[in-house]
file protein_36.txt (compact mmCIF, C-alpha atoms and all ligand atoms)
# COMPACT_ATOMS: atom_id res chain seq x y z
CA MET A 1 -36.01 47.65 20.48
CA PRO A 2 -32.59 47.80 18.80
CA ARG A 3 -31.12 44.40 18.06
CA ARG A 4 -28.28 43.57 20.45
CA ALA A 5 -25.11 41.87 19.25
CA LEU A 6 -22.05 40.72 21.19
CA ILE A 7 -18.76 40.42 19.31
CA THR A 8 -15.80 38.64 20.85
CA GLY A 9 -12.55 39.98 19.42
CA GLY A 10 -14.49 43.14 18.62
CA ALA A 11 -11.38 45.32 18.77
CA GLY A 12 -9.53 43.20 16.20
CA PHE A 13 -9.02 43.99 12.53
CA LEU A 14 -12.25 42.37 11.32
CA GLY A 15 -14.13 42.65 14.63
CA SER A 16 -13.80 46.43 14.77
CA HIS A 17 -14.98 46.86 11.17
CA LEU A 18 -17.96 44.67 12.01
CA CYS A 19 -18.78 46.70 15.14
CA GLY A 20 -18.94 49.79 12.91
CA ARG A 21 -21.17 48.02 10.37
CA LEU A 22 -23.59 46.79 13.04
CA LEU A 23 -23.79 50.20 14.74
CA ALA A 24 -24.48 51.84 11.37
CA ALA A 25 -27.35 49.37 10.87
CA GLY A 26 -28.88 50.41 14.22
CA PHE A 27 -27.65 47.51 16.36
CA GLU A 28 -26.58 47.85 19.95
CA VAL A 29 -23.05 46.42 20.10
CA LEU A 30 -21.24 44.80 23.01
CA CYS A 31 -17.58 44.55 22.04
CA LEU A 32 -15.50 42.12 24.06
CA ASP A 33 -11.70 41.99 23.75
CA ASN A 34 -8.51 41.56 25.79
CA PHE A 35 -6.14 43.30 23.31
CA LYS A 36 -3.93 40.23 23.07
CA THR A 37 -3.51 40.69 19.30
CA SER A 38 -5.61 43.84 18.83
CA VAL A 39 -5.18 47.51 19.72
CA GLU A 40 -7.42 50.06 21.44
CA ASP A 41 -6.98 52.45 18.50
CA ASN A 42 -9.20 50.16 16.38
CA ILE A 43 -12.26 51.08 18.43
CA ALA A 44 -11.24 54.65 19.32
CA GLN A 45 -13.95 56.26 17.16
CA LEU A 46 -16.57 53.75 18.31
CA THR A 47 -16.32 54.26 22.07
CA SER A 48 -18.38 57.47 21.97
CA ALA A 49 -20.95 56.05 19.51
CA ARG A 50 -24.47 55.51 20.77
CA GLY A 51 -25.21 51.86 21.46
CA PHE A 52 -21.56 50.81 21.82
CA THR A 53 -20.22 49.16 24.98
CA PHE A 54 -16.73 47.81 25.49
CA ILE A 55 -16.06 44.90 27.84
CA HIS A 56 -12.45 44.09 28.67
CA HIS A 57 -12.41 40.31 29.01
CA ASP A 58 -10.44 37.21 28.02
CA ILE A 59 -12.98 34.89 26.35
CA THR A 60 -11.16 31.79 27.65
CA GLN A 61 -12.60 32.77 31.07
CA PRO A 62 -16.36 32.40 31.71
CA PHE A 63 -18.48 35.55 31.54
CA PHE A 64 -22.06 36.67 31.95
CA ILE A 65 -24.03 39.37 30.13
CA GLU A 66 -27.11 41.08 31.60
CA GLY A 67 -30.19 41.45 29.44
CA PRO A 68 -31.07 40.13 26.01
CA VAL A 69 -28.55 39.26 23.31
CA ASP A 70 -29.85 38.53 19.81
CA TYR A 71 -26.58 37.73 18.06
CA VAL A 72 -23.25 36.35 19.27
CA LEU A 73 -20.36 36.78 16.82
CA HIS A 74 -17.23 34.89 17.86
CA PHE A 75 -14.25 36.64 16.26
CA ALA A 76 -11.70 36.36 19.07
CA SER A 77 -8.52 34.52 18.09
CA PRO A 78 -4.98 35.20 17.02
CA ALA A 79 -5.31 34.90 13.23
CA SER A 80 -1.98 35.67 11.60
CA PRO A 81 0.48 32.75 11.37
CA PRO A 82 3.25 34.46 13.41
CA ASP A 83 0.68 35.31 16.12
CA TYR A 84 -0.75 31.83 16.48
CA LEU A 85 2.69 30.23 16.29
CA ARG A 86 3.81 32.55 19.11
CA LEU A 87 0.61 31.86 21.12
CA PRO A 88 -0.09 28.17 20.43
CA ILE A 89 -1.87 27.22 23.64
CA HIS A 90 -3.81 30.44 23.92
CA THR A 91 -4.97 29.99 20.31
CA MET A 92 -6.28 26.51 21.13
CA LYS A 93 -7.97 27.78 24.29
CA VAL A 94 -9.71 30.59 22.40
CA GLY A 95 -10.94 28.14 19.75
CA GLY A 96 -11.96 25.56 22.39
CA LEU A 97 -12.90 27.19 25.72
CA GLY A 98 -13.65 30.56 24.10
CA THR A 99 -16.04 28.99 21.61
CA TYR A 100 -17.65 26.97 24.42
CA HIS A 101 -18.27 30.15 26.44
CA ALA A 102 -19.60 32.06 23.43
CA LEU A 103 -21.89 29.15 22.51
CA GLY A 104 -23.14 28.90 26.10
CA LEU A 105 -24.09 32.56 26.01
CA ALA A 106 -25.85 32.17 22.63
CA LYS A 107 -27.75 29.14 23.91
CA GLY A 108 -28.78 30.88 27.14
CA LYS A 109 -29.99 33.97 25.28
CA ARG A 110 -31.48 32.03 22.33
CA ALA A 111 -29.25 34.14 20.09
CA THR A 112 -27.99 33.42 16.58
CA PHE A 113 -24.36 32.26 16.77
CA LEU A 114 -21.85 33.28 14.11
CA LEU A 115 -18.39 31.70 14.22
CA ALA A 116 -15.54 33.37 12.35
CA SER A 117 -13.99 30.32 10.71
CA THR A 118 -11.25 30.25 8.15
CA SER A 119 -9.95 28.90 4.87
CA GLU A 120 -7.30 27.23 7.07
CA VAL A 121 -9.85 24.48 7.77
CA TYR A 122 -8.96 23.29 4.23
CA GLY A 123 -5.26 23.10 5.21
CA ASP A 124 -2.99 22.64 2.18
CA PRO A 125 -5.86 21.90 -0.20
CA GLN A 126 -5.71 19.24 -2.88
CA VAL A 127 -8.82 20.67 -4.52
CA SER A 128 -8.88 24.15 -6.03
CA PRO A 129 -10.88 26.32 -5.82
CA GLN A 130 -12.14 25.09 -2.44
CA PRO A 131 -15.91 24.51 -2.12
CA GLU A 132 -17.52 24.18 1.33
CA SER A 133 -18.03 20.45 0.65
CA TYR A 134 -14.24 19.86 0.63
CA TRP A 135 -13.07 18.29 3.92
CA GLY A 136 -9.55 19.63 3.75
CA ASN A 137 -5.99 18.44 4.15
CA VAL A 138 -4.72 19.51 7.56
CA ASN A 139 -1.60 18.19 9.30
CA PRO A 140 -2.98 17.58 12.81
CA VAL A 141 0.45 17.72 14.45
CA GLY A 142 2.07 20.47 12.36
CA PRO A 143 2.75 23.95 13.79
CA ARG A 144 -0.33 25.49 12.09
CA SER A 145 -2.62 22.86 13.61
CA VAL A 146 -3.09 25.02 16.73
CA TYR A 147 -5.16 27.36 14.60
CA ASP A 148 -6.53 24.99 11.94
CA GLU A 149 -7.67 22.30 14.34
CA ALA A 150 -9.01 24.82 16.87
CA LYS A 151 -11.20 26.29 14.14
CA ARG A 152 -12.28 22.84 12.92
CA TYR A 153 -13.12 21.91 16.52
CA ALA A 154 -15.03 25.20 16.92
CA GLU A 155 -17.06 24.42 13.77
CA ALA A 156 -17.83 20.95 15.11
CA MET A 157 -18.88 22.33 18.50
CA ALA A 158 -21.16 24.95 16.89
CA LEU A 159 -22.86 22.21 14.85
CA ALA A 160 -23.18 20.06 18.00
CA TYR A 161 -25.04 22.94 19.70
CA HIS A 162 -27.28 23.20 16.66
CA ARG A 163 -28.07 19.48 16.70
CA ALA A 164 -28.47 19.19 20.47
CA HIS A 165 -30.14 22.53 21.24
CA GLY A 166 -31.48 23.85 17.92
CA LEU A 167 -29.09 26.83 18.04
CA ARG A 168 -29.11 28.99 14.89
CA VAL A 169 -25.58 28.76 13.51
CA ARG A 170 -23.73 30.72 10.81
CA ILE A 171 -20.16 29.87 9.88
CA PRO A 172 -18.32 32.11 7.43
CA ARG A 173 -15.05 30.52 6.30
CA ILE A 174 -13.01 33.64 5.86
CA PHE A 175 -10.29 33.70 3.21
CA ASN A 176 -7.35 36.14 3.21
CA THR A 177 -8.63 39.65 3.85
CA TYR A 178 -6.84 42.99 4.00
CA GLY A 179 -7.67 46.57 4.81
CA THR A 180 -7.26 49.39 7.27
CA ARG A 181 -6.49 48.54 10.94
CA MET A 182 -4.16 45.63 10.13
CA ARG A 183 -1.18 45.92 12.45
CA LEU A 184 2.13 46.76 10.81
CA GLU A 185 3.67 43.94 12.85
CA ASP A 186 0.84 41.53 12.04
CA GLY A 187 3.26 39.34 10.07
CA ARG A 188 0.93 38.49 7.20
CA ALA A 189 2.04 38.97 3.62
CA LEU A 190 0.21 42.18 2.78
CA PRO A 191 1.07 44.26 5.87
CA ASN A 192 4.64 42.94 5.70
CA PHE A 193 5.04 43.92 2.03
CA MET A 194 3.39 47.33 2.49
CA THR A 195 5.51 48.17 5.54
CA GLN A 196 8.71 46.94 3.92
CA ALA A 197 8.02 48.80 0.66
CA LEU A 198 7.21 52.06 2.46
CA ARG A 199 10.34 51.83 4.63
CA GLY A 200 12.52 51.07 1.61
CA GLU A 201 13.39 47.66 3.05
CA PRO A 202 13.49 44.42 1.00
CA LEU A 203 10.18 42.59 0.56
CA THR A 204 10.46 39.11 2.12
CA VAL A 205 8.87 36.53 -0.16
CA TYR A 206 8.80 33.10 1.50
CA GLY A 207 9.87 30.22 -0.75
CA ASP A 208 9.84 30.85 -4.50
CA GLY A 209 6.64 32.92 -4.18
CA ARG A 210 4.67 30.67 -6.53
CA GLN A 211 2.20 29.75 -3.78
CA THR A 212 -1.14 31.48 -4.27
CA ARG A 213 -3.64 33.39 -2.15
CA SER A 214 -6.85 35.26 -3.02
CA LEU A 215 -7.23 38.59 -1.25
CA CYS A 216 -10.54 40.16 -0.29
CA TYR A 217 -10.94 43.82 0.64
CA VAL A 218 -12.34 44.27 4.15
CA SER A 219 -15.52 46.17 3.15
CA ASP A 220 -16.53 43.29 0.86
CA LEU A 221 -15.93 40.74 3.58
CA VAL A 222 -17.86 42.69 6.20
CA GLU A 223 -20.83 42.98 3.84
CA GLY A 224 -20.78 39.20 3.33
CA ILE A 225 -20.70 38.55 7.07
CA PHE A 226 -23.51 41.00 7.69
CA ARG A 227 -25.71 39.27 5.09
CA LEU A 228 -24.88 35.85 6.50
CA LEU A 229 -25.73 36.98 10.03
CA LEU A 230 -29.18 38.11 8.93
CA ALA A 231 -29.85 35.25 6.49
CA ASP A 232 -33.29 33.86 7.13
CA SER A 233 -32.76 30.14 7.57
CA PRO A 234 -33.15 27.80 10.55
CA GLU A 235 -30.47 25.55 8.98
CA PRO A 236 -26.78 25.98 9.87
CA LEU A 237 -25.08 27.94 7.09
CA VAL A 238 -21.42 27.24 6.33
CA VAL A 239 -20.27 29.64 3.65
CA ASN A 240 -16.94 30.60 2.07
CA LEU A 241 -16.36 34.35 2.03
CA GLY A 242 -13.44 35.69 0.04
CA ASN A 243 -12.38 37.09 -3.29
CA PRO A 244 -11.72 34.34 -5.88
CA ASP A 245 -9.14 36.47 -7.74
CA GLU A 246 -6.09 34.26 -7.14
CA VAL A 247 -2.55 35.67 -7.25
CA THR A 248 0.92 34.31 -6.55
CA VAL A 249 2.69 35.78 -3.53
CA LEU A 250 5.50 36.96 -5.81
CA GLN A 251 3.01 38.82 -8.02
CA LEU A 252 1.43 40.37 -4.91
CA ALA A 253 4.86 41.65 -3.83
CA ARG A 254 5.36 43.19 -7.29
CA GLU A 255 1.95 44.87 -7.14
CA VAL A 256 2.79 46.36 -3.74
CA LEU A 257 6.04 47.75 -5.18
CA GLU A 258 4.06 49.28 -8.01
CA VAL A 259 1.32 50.84 -5.90
CA THR A 260 3.79 52.27 -3.35
CA GLY A 261 6.26 53.41 -6.02
CA SER A 262 8.96 51.82 -3.87
CA GLY A 263 12.43 50.92 -5.14
CA SER A 264 12.76 48.06 -2.61
CA LYS A 265 14.14 44.73 -3.75
CA ILE A 266 12.43 41.36 -3.38
CA VAL A 267 14.36 38.80 -1.31
CA HIS A 268 13.47 35.17 -0.66
CA ARG A 269 13.22 33.58 2.79
CA PRO A 270 12.46 29.94 3.73
CA LEU A 271 8.88 28.78 3.26
CA PRO A 272 7.20 28.11 6.64
CA GLN A 273 6.25 24.48 7.35
CA ASP A 274 2.87 23.37 5.93
CA ASP A 275 2.37 26.69 4.14
CA PRO A 276 -0.58 26.01 1.79
CA LEU A 277 0.50 25.97 -1.86
CA VAL A 278 -2.80 27.24 -3.23
CA ARG A 279 -5.85 28.97 -1.82
CA ARG A 280 -8.90 30.19 -3.69
CA PRO A 281 -12.52 30.25 -2.51
CA ASP A 282 -15.37 28.77 -4.48
CA ILE A 283 -18.04 31.38 -3.68
CA CYS A 284 -21.00 29.86 -5.57
CA LYS A 285 -22.82 29.23 -2.30
CA ALA A 286 -22.39 32.82 -1.06
CA ARG A 287 -23.62 34.13 -4.42
CA GLN A 288 -26.62 31.85 -4.30
CA ILE A 289 -27.84 32.19 -0.73
CA LEU A 290 -26.61 35.70 0.11
CA GLY A 291 -26.59 37.33 -3.32
CA TRP A 292 -23.04 38.33 -2.38
CA ALA A 293 -19.84 38.71 -4.36
CA PRO A 294 -16.84 40.98 -3.79
CA VAL A 295 -16.86 44.25 -5.74
CA VAL A 296 -13.44 45.73 -4.84
CA SER A 297 -10.69 44.52 -7.16
CA ARG A 298 -7.16 44.11 -5.82
CA ARG A 299 -6.07 47.03 -7.98
CA VAL A 300 -8.60 49.32 -6.30
CA GLY A 301 -8.19 47.78 -2.83
CA LEU A 302 -4.42 48.21 -2.73
CA ARG A 303 -4.79 51.88 -3.66
CA ARG A 304 -7.54 52.33 -1.10
CA VAL A 305 -5.51 50.88 1.77
CA LEU A 306 -2.25 52.65 0.86
CA PRO A 307 -2.88 55.92 2.81
CA TYR A 308 -3.55 53.89 5.95
CA PHE A 309 -0.19 52.13 5.74
CA GLN A 310 1.61 55.36 4.78
CA LYS A 311 0.25 57.09 7.89
CA ALA A 312 0.96 54.13 10.18
CA VAL A 313 4.55 53.79 8.95
CA ARG A 314 5.13 57.57 9.35
CA GLU A 315 3.72 57.56 12.87
CA GLN A 316 5.76 54.56 13.90
CA ALA A 317 8.96 56.17 12.56
CA ARG A 318 8.17 59.38 14.48
CA THR A 319 7.53 57.49 17.73
CA ARG A 320 10.75 55.53 17.35
CA ALA A 321 12.72 58.75 16.68
CA GLU A 322 11.21 60.32 19.81
CA VAL A 323 12.17 57.33 21.93
CA LEU A 324 15.77 57.50 20.67
CA ALA A 325 16.04 61.32 21.11
N1 LIG A 401 4.43 35.36 3.04
C1 LIG A 401 5.56 35.84 2.42
N2 LIG A 401 6.23 36.87 3.01
C2 LIG A 401 5.85 37.43 4.18
C3 LIG A 401 4.67 36.93 4.81
C4 LIG A 401 4.00 35.88 4.22
O1 LIG A 401 5.94 35.37 1.34
O2 LIG A 401 6.53 38.37 4.65
C5 LIG A 401 3.70 34.27 2.37
C6 LIG A 401 3.33 33.09 3.27
O3 LIG A 401 4.39 32.14 3.30
C7 LIG A 401 2.11 32.56 2.56
C8 LIG A 401 1.46 33.81 1.96
O4 LIG A 401 2.48 34.78 1.92
O5 LIG A 401 2.47 31.70 1.49
C9 LIG A 401 0.31 34.32 2.78
O6 LIG A 401 0.73 34.39 4.11
P1 LIG A 401 -0.07 35.14 5.23
O7 LIG A 401 0.81 35.14 6.45
O8 LIG A 401 -0.56 36.44 4.73
O9 LIG A 401 -1.36 34.28 5.54
P2 LIG A 401 -1.80 32.77 5.29
O10 LIG A 401 -2.55 32.82 4.02
O11 LIG A 401 -0.60 31.88 5.19
O12 LIG A 401 -2.62 32.47 6.48
call {"tool": "encode", "arguments": {"input": "protein_36.txt", "output": "structure tokens"}}
result
Amino acid sequence: MPRRALITGGAGFLGSHLCGRLLAAGFEVLCLDNFKTSVEDNIAQLTSARGFTFIHHDITQPFFIEGPVDYVLHFASPASPPDYLRLPIHTMKVGGLGTYHALGLAKGKRATFLLASTSEVYGDPQVSPQPESYWGNVNPVGPRSVYDEAKRYAEAMALAYHRAHGLRVRIPRIFNTYGTRMRLEDGRALPNFMTQALRGEPLTVYGDGRQTRSLCYVSDLVEGIFRLLLADSPEPLVVNLGNPDEVTVLQLAREVLEVTGSGSKIVHRPLPQDDPLVRRPDICKARQILGWAPVVSRRVGLRRVLPYFQKAVREQARTRAEVLA
């Protein structure tokens, strides 16, 4: 019998890459999405694949699945700051009600539950790099709290289901990740810089650009999640997944200019409220229990993702020209 996995947010940037990885490993995949912050194109090549089923559903509403489910992966949620700031209540409902529904399914089917958590649970960290043992520094009433606190609540609820019902729980805390299928309008630093550079527009660096992030290429991240999903432990596993190679946002903008060969300028815009000053994963735990570490350097990753952004920017320009004609 093929193993059967359900992924909420399966048409999203990470969700769709994961669907592909699970199908390649022989899983049957049920992909659930409502396209609130994802696009159908992400799963276009998967819809005809054997073992793939798409279910159009909003996870904040209850749902039922026929037959066995061995793994529930909860990836649904707006995840880029402009998206969750634009959808504050929906983001909290996905992290609260959506997680409750996904956990209920996992409990009913005796499935392993994997929650896509985030480095945002550490808020604006006062410890760097951030180990899993760090409790974080989150402003509970700041604008980002709709995402940060929803994810912290989701982690707490997953652990409650483990303690009360013995549910097998895996929680990857996902640090900044980039790769193909990111939306041009996603609003995060990398897609913004790539799109701006390729259109010859100024790159918008928020604040002085000295804040840091650590960017992981999507194939590395997906491999880490896959290993965590299959890790053989009855204990809940909470594990940072990300690339520890830390870079300032200004340096990232310069690297994008270099890789695209763009003559765009860098301009500065106000720093959003509560924007974390530093972010870098401590991945000792992932190395130890999963034997995992990223292998794609930023230098290689930026070159690898470039053709995707070039094509997407070209296609968008063509569509816009057609609309105006
Ligand atoms: N950022 C920026 N210019 C942009 C978009 C983002 O300087 O056009 C900055 C943002 O303020 C943050 C960093 O880049 O310091 C990473 O932001 P992103 O939205 O990618 O994700 P975050 O790590 O904040 O969730």
call {"tool": "residues_near_ligand", "arguments": {"input": "protein_36.txt", "ligand": "ligand LIG 401 (chain A)", "cutoff": "9 Å", "atoms": "only C-alpha atoms and all ligand atoms", "output": "PyMOL selection string"}}
result
chain A and resi 79-82+119-120+175-177+186-193+196+203-214+248-250+252-253+268-273+275-279
call {"tool": "closest_residue", "arguments": {"input": "protein_36.txt", "among": "A:Phe27, A:Tyr161, A:Phe309, A:Tyr100", "to": "Val69 of chain A", "atoms": "all atoms listed in the file"}}
result
A:Phe27
call {"tool": "atom_distance", "arguments": {"input": "protein_36.txt", "atom1": "atom CA of Asn240 of chain A", "atom2": "atom CA of Ala286 of chain A"}}
result
6.7 Å
call {"tool": "atom_distance", "arguments": {"input": "protein_36.txt", "atom1": "atom CA of Val127 of chain A", "atom2": "atom CA of Phe113 of chain A"}}
result
28.8 Å
call {"tool": "atom_distance", "arguments": {"input": "protein_36.txt", "atom1": "atom CA of Val141 of chain A", "atom2": "atom CA of Asp83 of chain A"}}
result
17.7 Å
call {"tool": "build_atoms", "arguments": {"input": "protein_36.txt", "residues": "segment 96-121 of chain A", "atoms": "N, CA and C atoms", "output": "compact mmCIF listing (two decimals), keeping the file's coordinate frame"}}
result
# COMPACT_ATOMS: atom_id res chain seq x y z
N GLY A 96 -11.25 26.59 21.62
CA GLY A 96 -11.96 25.56 22.39
C GLY A 96 -12.82 26.17 23.49
N LEU A 97 -12.16 26.62 24.58
CA LEU A 97 -12.90 27.19 25.72
C LEU A 97 -13.67 28.45 25.32
N GLY A 98 -13.00 29.30 24.51
CA GLY A 98 -13.65 30.56 24.10
C GLY A 98 -14.92 30.28 23.31
N THR A 99 -14.85 29.32 22.42
CA THR A 99 -16.04 28.99 21.61
C THR A 99 -17.12 28.39 22.51
N TYR A 100 -16.71 27.57 23.47
CA TYR A 100 -17.65 26.97 24.42
C TYR A 100 -18.39 28.06 25.21
N HIS A 101 -17.64 29.06 25.68
CA HIS A 101 -18.27 30.15 26.44
C HIS A 101 -19.21 30.97 25.55
N ALA A 102 -18.77 31.25 24.35
CA ALA A 102 -19.60 32.06 23.43
C ALA A 102 -20.87 31.28 23.05
N LEU A 103 -20.72 29.98 22.85
CA LEU A 103 -21.89 29.15 22.51
C LEU A 103 -22.86 29.06 23.70
N GLY A 104 -22.30 28.96 24.89
CA GLY A 104 -23.14 28.90 26.10
C GLY A 104 -23.98 30.16 26.23
N LEU A 105 -23.36 31.30 25.95
CA LEU A 105 -24.09 32.56 26.01
C LEU A 105 -25.21 32.57 24.96
N ALA A 106 -24.85 32.18 23.73
CA ALA A 106 -25.85 32.17 22.63
C ALA A 106 -27.01 31.24 22.98
N LYS A 107 -26.70 30.11 23.54
CA LYS A 107 -27.75 29.14 23.91
C LYS A 107 -28.66 29.74 24.99
N GLY A 108 -28.03 30.31 26.03
CA GLY A 108 -28.78 30.88 27.14
C GLY A 108 -29.69 32.02 26.69
N LYS A 109 -29.22 32.80 25.73
CA LYS A 109 -29.99 33.97 25.28
C LYS A 109 -30.84 33.66 24.04
N ARG A 110 -30.80 32.41 23.58
CA ARG A 110 -31.48 32.03 22.33
C ARG A 110 -31.07 32.96 21.17
N ALA A 111 -29.78 33.24 21.12
CA ALA A 111 -29.25 34.14 20.09
C ALA A 111 -28.78 33.34 18.88
N THR A 112 -28.64 34.02 17.75
CA THR A 112 -27.99 33.42 16.58
C THR A 112 -26.48 33.45 16.83
N PHE A 113 -25.81 32.35 16.53
CA PHE A 113 -24.36 32.26 16.77
C PHE A 113 -23.61 32.28 15.45
N LEU A 114 -22.67 33.23 15.32
CA LEU A 114 -21.85 33.28 14.11
C LEU A 114 -20.39 33.07 14.50
N LEU A 115 -19.79 32.04 13.93
CA LEU A 115 -18.39 31.70 14.22
C LEU A 115 -17.50 32.16 13.06
N ALA A 116 -16.51 32.99 13.38
CA ALA A 116 -15.54 33.37 12.35
C ALA A 116 -14.62 32.18 12.12
N SER A 117 -14.89 31.42 11.06
CA SER A 117 -13.99 30.32 10.71
C SER A 117 -13.06 30.80 9.60
N THR A 118 -12.40 29.87 8.98
CA THR A 118 -11.25 30.25 8.15
C THR A 118 -11.02 29.27 7.00
N SER A 119 -10.40 29.77 5.96
CA SER A 119 -9.95 28.90 4.87
C SER A 119 -8.91 27.90 5.36
N GLU A 120 -8.30 28.17 6.53
CA GLU A 120 -7.30 27.23 7.07
C GLU A 120 -7.92 25.88 7.41
N VAL A 121 -9.25 25.80 7.52
CA VAL A 121 -9.85 24.48 7.77
C VAL A 121 -9.59 23.55 6.58
